[in-house]
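J.: Have a look at this one before I ask anything.
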Amino acid sequence: MDDGLDKEVAVLAGRQHGHVTRSQLLALGLSAKTIDYRVGIGRLISVHAGVYAVGHRPTSPIARAGGAVLACGPGAVLSHASAATLWGMRRSWESPFEITVPSYRHRRGILIHRSKVLIRKDVRVHYGIRVTSPARTLLDMAPRLGDAALARSVNDTRISRQVRLGDLAQLLGRSPRHPGAKYLRRFV
């Protein structure tokens, strides 16, 4: 591989918290044989099926979360407790990372949720990672939180201007049967 391709791989990995996918490497012009060779010598480190760390295994939770989202394919977003931590609603990262996808997927070491109703308004990019919006994150987390914790989360996201009550009302209108809807209705 020439220096130009090395630089392209490094730039791409830099935008994705140190990760690249096999399909991205192929699109850049690397052959399957070259990818396998680079895995063999340690320049690419397999972290999930079809996802590689470039040069070293990322250790930060945010970088690992970004790799988990890449592993789940197009349309995948960080969600639930993982999204709540990325947005600052929770203090610590839990394992496994939780990802929502539009169609069935299974990835070892990742907790997959499926939703066909995620629309553009429900998805953001935060710290370079596709993630459910703060409002959608509250909806997903609502069944897991007690009354006091949910009220605190709603209030904190409103104070930080991550969520407006109108955002929650629109989301509840789009997702009336979501398990979290009954918990969030009292706030709008």
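Here, A, B, ... name the chains of the structure tokens in the order displayed, residue numbers run from 1 inside each chain, and ligands are numbered from 1 in the same displayed order.
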Could you give me, as number ranges by chain, the residues within 8 Å of Pro58 of chain A, counting only C-alpha atoms and dropping anything in the same chain fewer than 5 positions from it?
T.: A: 17-18, 53, 63-64
J.: List the neighbours of segment 164-170 of chain A out to 8 Å using only C-alpha atoms; skip same-chain residues closer than 2 positions along the sequence, and give me the result as a VMD selection string.
T.: chain A and resid 135 158 161 to 162 172 to 174 184 to 185 187 to 188
J.: Please dump the current selection as a PDB file, in the first residue's frame; keep N, CA, C and O atoms.
T.:
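Listed below is the output, out22.pdb:
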ATOM      1  N   ALA A 135     -34.051  13.648  23.287  1.00  0.00           N
ATOM      2  CA  ALA A 135     -35.461  13.325  23.533  1.00  0.00           C
ATOM      3  C   ALA A 135     -35.713  11.832  23.336  1.00  0.00           C
ATOM      4  O   ALA A 135     -36.361  11.177  24.169  1.00  0.00           O
ATOM      5  N   ARG A 158     -33.677  19.674  29.989  1.00  0.00           N
ATOM      6  CA  ARG A 158     -34.331  20.954  29.673  1.00  0.00           C
ATOM      7  C   ARG A 158     -33.450  22.120  30.086  1.00  0.00           C
ATOM      8  O   ARG A 158     -33.279  23.077  29.330  1.00  0.00           O
ATOM      9  N   ARG A 161     -30.708  22.681  27.804  1.00  0.00           N
ATOM     10  CA  ARG A 161     -31.255  22.989  26.481  1.00  0.00           C
ATOM     11  C   ARG A 161     -31.010  21.882  25.452  1.00  0.00           C
ATOM     12  O   ARG A 161     -30.972  22.135  24.260  1.00  0.00           O
ATOM     13  N   GLN A 162     -30.867  20.676  25.942  1.00  0.00           N
ATOM     14  CA  GLN A 162     -30.770  19.539  25.033  1.00  0.00           C
ATOM     15  C   GLN A 162     -32.155  19.127  24.557  1.00  0.00           C
ATOM     16  O   GLN A 162     -32.286  18.569  23.473  1.00  0.00           O
ATOM     17  N   LEU A 172     -43.548  11.914  21.276  1.00  0.00           N
ATOM     18  CA  LEU A 172     -44.635  11.081  21.792  1.00  0.00           C
ATOM     19  C   LEU A 172     -45.753  10.938  20.759  1.00  0.00           C
ATOM     20  O   LEU A 172     -46.380   9.879  20.669  1.00  0.00           O
ATOM     21  N   GLY A 173     -45.981  11.978  19.978  1.00  0.00           N
ATOM     22  CA  GLY A 173     -46.971  11.895  18.911  1.00  0.00           C
ATOM     23  C   GLY A 173     -46.573  10.894  17.835  1.00  0.00           C
ATOM     24  O   GLY A 173     -47.424  10.212  17.259  1.00  0.00           O
ATOM     25  N   ARG A 174     -45.270  10.788  17.564  1.00  0.00           N
ATOM     26  CA  ARG A 174     -44.772   9.838  16.559  1.00  0.00           C
ATOM     27  C   ARG A 174     -44.649   8.417  17.112  1.00  0.00           C
ATOM     28  O   ARG A 174     -44.622   7.464  16.349  1.00  0.00           O
ATOM     29  N   LEU A 184     -43.303   9.275  29.949  1.00  0.00           N
ATOM     30  CA  LEU A 184     -42.948  10.650  29.588  1.00  0.00           C
ATOM     31  C   LEU A 184     -44.153  11.569  29.412  1.00  0.00           C
ATOM     32  O   LEU A 184     -44.014  12.785  29.469  1.00  0.00           O
ATOM     33  N   ARG A 185     -45.323  11.009  29.203  1.00  0.00           N
ATOM     34  CA  ARG A 185     -46.522  11.840  28.935  1.00  0.00           C
ATOM     35  C   ARG A 185     -46.776  12.870  30.021  1.00  0.00           C
ATOM     36  O   ARG A 185     -47.223  13.973  29.743  1.00  0.00           O
ATOM     37  N   PHE A 187     -44.873  14.739  31.480  1.00  0.00           N
ATOM     38  CA  PHE A 187     -44.000  15.915  31.421  1.00  0.00           C
ATOM     39  C   PHE A 187     -44.401  16.900  30.326  1.00  0.00           C
ATOM     40  O   PHE A 187     -43.858  17.994  30.255  1.00  0.00           O
ATOM     41  N   VAL A 188     -45.340  16.508  29.448  1.00  0.00           N
ATOM     42  CA  VAL A 188     -45.717  17.411  28.353  1.00  0.00           C
ATOM     43  C   VAL A 188     -47.154  17.861  28.470  1.00  0.00           C
ATOM     44  O   VAL A 188     -47.959  17.306  29.137  1.00  0.00           O
TER      45      VAL A 188
END
J.: In Å, rounded to a single decimal, give me how far atom CA of Leu171 of chain A is from atom CA of Trp93 of chain A.
T.: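 About the pair atom CA of Trp93 of chain A and atom CA of Leu171 of chain A: they are 25.5 Å apart.
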J.: Per DSSP on the backbone, what are the strand (DSSP E) residues of chain A, as a short mmCIF file (atom, residue, chain, number, x, y, z; two decimals) with C-alpha atoms, in the first residue's frame?
T.:
data_model
loop_
_atom_site.label_atom_id
_atom_site.label_comp_id
_atom_site.auth_asym_id
_atom_site.auth_seq_id
_atom_site.Cartn_x
_atom_site.Cartn_y
_atom_site.Cartn_z
CA HIS A 19 -11.83 2.75 13.49
CA VAL A 20 -12.48 1.80 9.86
CA THR A 21 -14.75 -0.79 8.33
CA LEU A 44 -5.27 -3.27 11.63
CA ILE A 45 -6.77 -4.79 14.76
CA SER A 46 -10.10 -6.56 14.48
CA VAL A 47 -12.45 -5.16 17.14
CA HIS A 48 -15.80 -6.31 15.71
CA VAL A 51 -14.44 -3.22 11.96
CA TYR A 52 -10.78 -2.54 12.61
CA ALA A 53 -8.82 -0.25 14.88
CA VAL A 54 -5.96 1.39 13.02
CA VAL A 77 -27.11 4.61 16.28
CA LEU A 78 -25.85 4.52 19.84
CA PHE A 97 -22.88 -0.90 24.36
CA GLU A 98 -26.48 -0.49 23.23
CA ILE A 99 -27.16 0.18 19.57
CA THR A 100 -30.45 0.66 17.73
CA VAL A 101 -30.65 -0.53 14.13
CA ILE A 110 -23.23 -5.46 21.56
CA LEU A 111 -26.82 -5.18 22.81
CA ILE A 112 -28.93 -4.58 19.70
CA HIS A 113 -32.34 -2.90 19.69
CA ARG A 114 -34.47 -2.73 16.57
CA VAL A 123 -30.78 10.96 15.34
CA ARG A 124 -27.85 13.28 15.99
CA VAL A 125 -24.09 13.14 15.68
CA HIS A 126 -22.44 13.84 19.02
CA ILE A 129 -20.92 9.24 16.79
CA ARG A 130 -24.42 8.67 15.42
CA VAL A 131 -26.65 8.64 18.49
CA THR A 132 -30.32 8.92 19.36
#
J.: Apply DSSP to the backbone of this structure and, from segment 75-169 of chain A, keep only the residues in helix (DSSP H, G or I); write these as a ChimeraX atom specification.
T.: /A:80-86,120-122,134-144,147-159,165-169
